[in-house]
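Chemist: Next up is a structure, given as structure tokens.
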Amino acid sequence: LLHFVGQSRWSDEAVLAKVCELVLPSIESSGPIEAWIVDDTGFPKKGIHSVGVARQYCGRLGKQDNCQIAVSLSVANHTASLPIAYQLYLPEEWAGDAARRVEAHVPETVAFQTKPEIALKQIKTALETGVPAGVVLADAGYGVDAKFRSGLTALGLAYVVGVQSTLSVW
């Protein structure tokens, strides 16, 4: 799933939309959607040539190392969860390196976005497509971003996010 739309017959978005269409009714048969879970997943890599590989924090390893990161949005109730959005994070060093982008076939339309920006876009798309809303849950990597929290508020969504002890909120 770590490729960009347009490189295969089926886009990641189309596959996830079809899975959501088929699986969501089954999940909802045991109760309404209660939560939208924002998270990211790290994929450790030994080399530097896979798209988006950079030295960054990798949760799977519990430290900084070479890895790819994907931002995801899942819906959940008390019995099940389902990923409904998934996007590769393209670090700024990749987004700004034209030669590297050409070599890896990264489309020109793909620009640098922070992980919270990616997550907020996924949430907006889910709302637009009629996915039943739930309380948005995210760790401090998202919760410390004021634009992310403001975006959730503007969308009328309740949220519970981690923050760092040094963050001032009102």
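Here, A, B, ... name the chains of the structure tokens in the order displayed, residue numbers run from 1 inside each chain, and ligands are numbered from 1 in the same displayed order.
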When DSSP is applied to the backbone of this structure, which of range 17-60 of chain A are assigned helix (DSSP H, G or I)? Write them out as a PyMOL selection string.
Modeler: chain A and resi 17-28
Chemist: Keeping only N, CA, C and O atoms, write the selected residues as an mmCIF file, in the first residue's frame.
Modeler:
data_model
loop_
_atom_site.group_PDB
_atom_site.id
_atom_site.type_symbol
_atom_site.label_atom_id
_atom_site.label_comp_id
_atom_site.auth_asym_id
_atom_site.auth_seq_id
_atom_site.Cartn_x
_atom_site.Cartn_y
_atom_site.Cartn_z
ATOM 1 N N ALA A 17 -11.922 2.356 0.207
ATOM 2 C CA ALA A 17 -13.335 2.723 0.074
ATOM 3 C C ALA A 17 -14.194 1.476 -0.126
ATOM 4 O O ALA A 17 -15.270 1.349 0.469
ATOM 5 N N LYS A 18 -13.719 0.543 -0.946
ATOM 6 C CA LYS A 18 -14.479 -0.690 -1.195
ATOM 7 C C LYS A 18 -14.546 -1.545 0.067
ATOM 8 O O LYS A 18 -15.605 -2.089 0.409
ATOM 9 N N VAL A 19 -13.428 -1.647 0.773
ATOM 10 C CA VAL A 19 -13.409 -2.407 2.022
ATOM 11 C C VAL A 19 -14.375 -1.780 3.023
ATOM 12 O O VAL A 19 -15.148 -2.474 3.684
ATOM 13 N N CYS A 20 -14.342 -0.451 3.114
ATOM 14 C CA CYS A 20 -15.241 0.263 4.030
ATOM 15 C C CYS A 20 -16.700 -0.024 3.663
ATOM 16 O O CYS A 20 -17.522 -0.312 4.535
ATOM 17 N N GLU A 21 -17.010 0.047 2.373
ATOM 18 C CA GLU A 21 -18.369 -0.210 1.899
ATOM 19 C C GLU A 21 -18.841 -1.609 2.289
ATOM 20 O O GLU A 21 -19.993 -1.805 2.676
ATOM 21 N N LEU A 22 -17.944 -2.581 2.203
ATOM 22 C CA LEU A 22 -18.314 -3.969 2.469
ATOM 23 C C LEU A 22 -18.284 -4.342 3.951
ATOM 24 O O LEU A 22 -19.081 -5.158 4.400
ATOM 25 N N VAL A 23 -17.347 -3.757 4.702
ATOM 26 C CA VAL A 23 -17.129 -4.189 6.085
ATOM 27 C C VAL A 23 -17.837 -3.317 7.119
ATOM 28 O O VAL A 23 -18.288 -3.813 8.151
ATOM 29 N N LEU A 24 -17.951 -2.022 6.855
ATOM 30 C CA LEU A 24 -18.533 -1.118 7.842
ATOM 31 C C LEU A 24 -19.932 -1.538 8.308
ATOM 32 O O LEU A 24 -20.211 -1.519 9.515
ATOM 33 N N PRO A 25 -20.820 -1.953 7.412
ATOM 34 C CA PRO A 25 -22.147 -2.397 7.888
ATOM 35 C C PRO A 25 -22.065 -3.563 8.882
ATOM 36 O O PRO A 25 -22.844 -3.615 9.843
ATOM 37 N N SER A 26 -21.123 -4.446 8.674
ATOM 38 C CA SER A 26 -20.958 -5.572 9.597
ATOM 39 C C SER A 26 -20.497 -5.084 10.974
ATOM 40 O O SER A 26 -20.989 -5.551 12.007
ATOM 41 N N ILE A 27 -19.566 -4.144 10.981
ATOM 42 C CA ILE A 27 -19.091 -3.591 12.252
ATOM 43 C C ILE A 27 -20.231 -2.868 12.961
ATOM 44 O O ILE A 27 -20.437 -3.035 14.163
ATOM 45 N N GLU A 28 -20.993 -2.083 12.201
ATOM 46 C CA GLU A 28 -22.083 -1.313 12.797
ATOM 47 C C GLU A 28 -23.237 -2.196 13.273
ATOM 48 O O GLU A 28 -24.049 -1.752 14.084
#
Chemist: Tell me, as an MDAnalysis selection string, which residues lie within 7 Å of range 77-83 of chain A, counting only C-alpha atoms; anything in the same chain fewer than 6 positions away does not count.
Modeler: chainID A and resid 27 31:35
Chemist: Go ahead and save the residues from that selection, with all heavy atoms, as a PDB file, in the first residue's frame.
Modeler:
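Produced file again-v3.pdb, reproduced below:
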ATOM      1  N   ILE A  27     -19.566  -4.144  10.981  1.00  0.00           N
ATOM      2  CA  ILE A  27     -19.091  -3.591  12.252  1.00  0.00           C
ATOM      3  C   ILE A  27     -20.231  -2.868  12.961  1.00  0.00           C
ATOM      4  O   ILE A  27     -20.437  -3.035  14.163  1.00  0.00           O
ATOM      5  CB  ILE A  27     -17.891  -2.644  12.017  1.00  0.00           C
ATOM      6  CG1 ILE A  27     -16.678  -3.453  11.557  1.00  0.00           C
ATOM      7  CG2 ILE A  27     -17.570  -1.837  13.269  1.00  0.00           C
ATOM      8  CD1 ILE A  27     -15.483  -2.623  11.150  1.00  0.00           C
ATOM      9  N   GLY A  31     -23.044  -2.276  16.875  1.00  0.00           N
ATOM     10  CA  GLY A  31     -23.116  -0.991  17.571  1.00  0.00           C
ATOM     11  C   GLY A  31     -22.583   0.125  16.694  1.00  0.00           C
ATOM     12  O   GLY A  31     -21.851  -0.123  15.730  1.00  0.00           O
ATOM     13  N   PRO A  32     -22.954   1.365  17.010  1.00  0.00           N
ATOM     14  CA  PRO A  32     -22.525   2.500  16.183  1.00  0.00           C
ATOM     15  C   PRO A  32     -21.025   2.764  16.293  1.00  0.00           C
ATOM     16  O   PRO A  32     -20.380   2.354  17.264  1.00  0.00           O
ATOM     17  CB  PRO A  32     -23.329   3.676  16.762  1.00  0.00           C
ATOM     18  CG  PRO A  32     -23.582   3.286  18.174  1.00  0.00           C
ATOM     19  CD  PRO A  32     -23.739   1.785  18.169  1.00  0.00           C
ATOM     20  N   ILE A  33     -20.501   3.452  15.303  1.00  0.00           N
ATOM     21  CA  ILE A  33     -19.102   3.881  15.353  1.00  0.00           C
ATOM     22  C   ILE A  33     -18.965   4.853  16.517  1.00  0.00           C
ATOM     23  O   ILE A  33     -19.748   5.790  16.659  1.00  0.00           O
ATOM     24  CB  ILE A  33     -18.681   4.547  14.017  1.00  0.00           C
ATOM     25  CG1 ILE A  33     -18.725   3.518  12.884  1.00  0.00           C
ATOM     26  CG2 ILE A  33     -17.300   5.186  14.131  1.00  0.00           C
ATOM     27  CD1 ILE A  33     -17.835   2.296  13.088  1.00  0.00           C
ATOM     28  N   GLU A  34     -17.970   4.625  17.360  1.00  0.00           N
ATOM     29  CA  GLU A  34     -17.769   5.447  18.549  1.00  0.00           C
ATOM     30  C   GLU A  34     -16.517   6.315  18.439  1.00  0.00           C
ATOM     31  O   GLU A  34     -16.454   7.368  19.084  1.00  0.00           O
ATOM     32  CB  GLU A  34     -17.665   4.547  19.785  1.00  0.00           C
ATOM     33  CG  GLU A  34     -18.932   3.745  20.035  1.00  0.00           C
ATOM     34  CD  GLU A  34     -18.729   2.615  21.028  1.00  0.00           C
ATOM     35  OE1 GLU A  34     -17.584   2.332  21.410  1.00  0.00           O
ATOM     36  OE2 GLU A  34     -19.734   2.008  21.421  1.00  0.00           O
ATOM     37  N   ALA A  35     -15.538   5.871  17.660  1.00  0.00           N
ATOM     38  CA  ALA A  35     -14.267   6.591  17.623  1.00  0.00           C
ATOM     39  C   ALA A  35     -13.653   6.586  16.242  1.00  0.00           C
ATOM     40  O   ALA A  35     -13.837   5.641  15.470  1.00  0.00           O
ATOM     41  CB  ALA A  35     -13.289   5.963  18.618  1.00  0.00           C
TER      42      ALA A  35
END
Chemist: May I have a table of the residues of range 59-124 of chain A lying at most 12 Å from range 143-161 of chain A, giving each one's closest pair of atoms and their distance in Å to one decimal, counting only C-alpha atoms, ordered by chain and ascending residue number, as a tab-separated table?
Modeler:
residue	atom	partner	partner_atom	distance
A:Thr114	CA	A:Asp145	CA	9.9
A:Lys115	CA	A:Phe148	CA	9.7
A:Pro116	CA	A:Phe148	CA	5.9
A:Glu117	CA	A:Phe148	CA	6.9
A:Ile118	CA	A:Phe148	CA	9.7
A:Ala119	CA	A:Phe148	CA	8.3
A:Leu120	CA	A:Phe148	CA	6.5
A:Lys121	CA	A:Gly151	CA	9.7
A:Gln122	CA	A:Leu152	CA	11.5
A:Ile123	CA	A:Leu152	CA	8.5
A:Lys124	CA	A:Leu155	CA	7.9
Chemist: If you count only C-alpha atoms, which residues fall within 9 Å of range 45-59 of chain A, apart from same-chain ones fewer than 3 positions away, as a list in words?
Modeler: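 In the requested format, the answer is Leu2, His3, Asp40, Thr41, Gly42, Gly62, Lys63, Gln64, Asp65, Asn66, Cys67, Gln68, Ile69, Leu88, Tyr89, Leu90, Pro91, Glu93, Trp94, Ala95, Arg100, Arg101, Ala104, His105 and Val106 of chain A.
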Chemist: Taking only C-alpha atoms into account, which of A:Asp139, A:Asp39, A:Asp97, A:Glu13 comes nearest Ala111 in chain A?
Modeler: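 Among A:Asp139, A:Asp39, A:Asp97, A:Glu13, it is A:Asp97 that comes nearest to Ala111 in chain A.
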Chemist: Among chain A, which ones does DSSP assign to strand (DSSP E or B) (computed from the backbone)? Answer as a PyMOL selection string.
Modeler: chain A and resi 35-44+54-58+63-76+81-89+135-138+159-161
Chemist: Dump N, CA and C atoms for the selected residues as a compact mmCIF listing (two decimals), in the first residue's frame?
Modeler:
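The resulting file, part_22.txt, is shown below:
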# COMPACT_ATOMS: atom_id res chain seq x y z
N ALA A 35 -15.54 5.87 17.66
CA ALA A 35 -14.27 6.59 17.62
C ALA A 35 -13.65 6.59 16.24
N TRP A 36 -12.94 7.67 15.95
CA TRP A 36 -12.07 7.76 14.78
C TRP A 36 -10.65 7.84 15.34
N ILE A 37 -9.82 6.90 14.96
CA ILE A 37 -8.47 6.80 15.52
C ILE A 37 -7.45 7.25 14.49
N VAL A 38 -6.71 8.30 14.84
CA VAL A 38 -5.63 8.81 13.99
C VAL A 38 -4.33 8.24 14.53
N ASP A 39 -3.53 7.68 13.65
CA ASP A 39 -2.26 7.10 14.09
C ASP A 39 -1.29 7.10 12.93
N ASP A 40 -0.04 6.81 13.23
CA ASP A 40 0.93 6.58 12.16
C ASP A 40 1.71 5.33 12.49
N THR A 41 2.18 4.70 11.45
CA THR A 41 2.91 3.44 11.57
C THR A 41 4.25 3.56 10.86
N GLY A 42 5.29 3.09 11.51
CA GLY A 42 6.62 3.13 10.93
C GLY A 42 7.00 1.78 10.36
N PHE A 43 7.68 1.82 9.22
CA PHE A 43 8.18 0.61 8.56
C PHE A 43 9.69 0.72 8.46
N PRO A 44 10.43 0.00 9.32
CA PRO A 44 11.89 0.09 9.29
C PRO A 44 12.44 -0.29 7.92
N ALA A 54 13.49 8.01 5.63
CA ALA A 54 14.32 9.03 6.26
C ALA A 54 14.61 8.59 7.69
N ARG A 55 15.59 9.21 8.27
CA ARG A 55 15.87 8.96 9.68
C ARG A 55 14.82 9.75 10.47
N GLN A 56 13.91 9.02 11.09
CA GLN A 56 12.81 9.61 11.84
C GLN A 56 12.35 8.65 12.91
N TYR A 57 11.52 9.11 13.82
CA TYR A 57 11.06 8.23 14.89
C TYR A 57 10.20 7.11 14.32
N CYS A 58 10.52 5.90 14.71
CA CYS A 58 9.79 4.71 14.27
C CYS A 58 9.23 4.01 15.50
N LYS A 63 12.55 4.12 18.58
CA LYS A 63 13.68 5.05 18.47
C LYS A 63 13.73 5.62 17.06
N GLN A 64 14.64 6.57 16.84
CA GLN A 64 14.85 7.11 15.50
C GLN A 64 15.72 6.14 14.70
N ASP A 65 15.32 5.92 13.46
CA ASP A 65 16.08 5.07 12.55
C ASP A 65 15.51 5.29 11.15
N ASN A 66 16.11 4.67 10.15
CA ASN A 66 15.59 4.75 8.78
C ASN A 66 14.25 4.02 8.72
N CYS A 67 13.23 4.74 8.26
CA CYS A 67 11.92 4.10 8.11
C CYS A 67 11.03 4.94 7.22
N GLN A 68 9.96 4.33 6.76
CA GLN A 68 8.86 5.01 6.10
C GLN A 68 7.76 5.15 7.15
N ILE A 69 6.94 6.19 7.00
CA ILE A 69 5.83 6.41 7.92
C ILE A 69 4.54 6.54 7.09
N ALA A 70 3.49 5.91 7.56
CA ALA A 70 2.17 6.05 6.94
C ALA A 70 1.20 6.56 7.99
N VAL A 71 0.38 7.54 7.61
CA VAL A 71 -0.65 8.09 8.49
C VAL A 71 -1.95 7.38 8.16
N SER A 72 -2.67 6.97 9.21
CA SER A 72 -3.92 6.24 8.99
C SER A 72 -5.05 6.81 9.82
N LEU A 73 -6.26 6.57 9.32
CA LEU A 73 -7.49 6.89 10.05
C LEU A 73 -8.31 5.61 10.09
N SER A 74 -8.69 5.21 11.30
CA SER A 74 -9.54 4.03 11.48
C SER A 74 -10.81 4.42 12.22
N VAL A 75 -11.88 3.70 11.95
CA VAL A 75 -13.13 3.87 12.70
C VAL A 75 -13.27 2.66 13.61
N ALA A 76 -13.93 2.87 14.75
CA ALA A 76 -14.04 1.76 15.71
C ALA A 76 -15.29 1.88 16.56
N SER A 81 -12.47 -2.55 14.74
CA SER A 81 -11.96 -1.32 14.12
C SER A 81 -11.66 -1.61 12.65
N LEU A 82 -11.64 -0.55 11.86
CA LEU A 82 -11.44 -0.69 10.42
C LEU A 82 -10.65 0.52 9.90
N PRO A 83 -9.48 0.28 9.29
CA PRO A 83 -8.77 1.41 8.67
C PRO A 83 -9.54 1.89 7.44
N ILE A 84 -9.76 3.21 7.35
CA ILE A 84 -10.51 3.76 6.22
C ILE A 84 -9.66 4.72 5.38
N ALA A 85 -8.48 5.10 5.87
CA ALA A 85 -7.60 5.98 5.12
C ALA A 85 -6.16 5.66 5.51
N TYR A 86 -5.29 5.77 4.52
CA TYR A 86 -3.90 5.37 4.71
C TYR A 86 -3.06 6.14 3.69
N GLN A 87 -2.07 6.90 4.16
CA GLN A 87 -1.25 7.67 3.23
C GLN A 87 0.20 7.70 3.68
N LEU A 88 1.09 7.49 2.73
CA LEU A 88 2.51 7.59 2.98
C LEU A 88 2.88 9.03 3.30
N TYR A 89 3.64 9.23 4.36
CA TYR A 89 4.17 10.54 4.73
C TYR A 89 5.46 10.76 3.95
N VAL A 135 -15.75 10.14 18.16
CA VAL A 135 -14.80 11.00 18.84
C VAL A 135 -13.42 10.73 18.23
N VAL A 136 -12.72 11.79 17.85
CA VAL A 136 -11.39 11.64 17.25
C VAL A 136 -10.38 11.41 18.36
N LEU A 137 -9.59 10.35 18.23
CA LEU A 137 -8.55 10.01 19.20
C LEU A 137 -7.19 10.08 18.50
N ALA A 138 -6.21 10.74 19.15
CA ALA A 138 -4.88 10.85 18.56
C ALA A 138 -3.86 11.04 19.67
N TYR A 159 -13.04 15.59 20.31
CA TYR A 159 -11.76 14.89 20.23
C TYR A 159 -11.12 14.74 21.60
N VAL A 160 -10.28 13.70 21.69
CA VAL A 160 -9.43 13.46 22.85
C VAL A 160 -8.06 13.20 22.27
N VAL A 161 -7.12 14.12 22.55
CA VAL A 161 -5.78 14.00 21.99
C VAL A 161 -4.74 14.15 23.09
Chemist: Do you have the CA of Glu108 in chain A-CA of Gly96 in chain A distance handy?
Modeler: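 Computing the Euclidean distance for CA of Glu108 in chain A and CA of Gly96 in chain A yields 10.9 Å.
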Chemist: Between CA of Gln113 in chain A and CA of Thr125 in chain A, what is the distance, to one decimal in Å?
Modeler: 15.8 Å
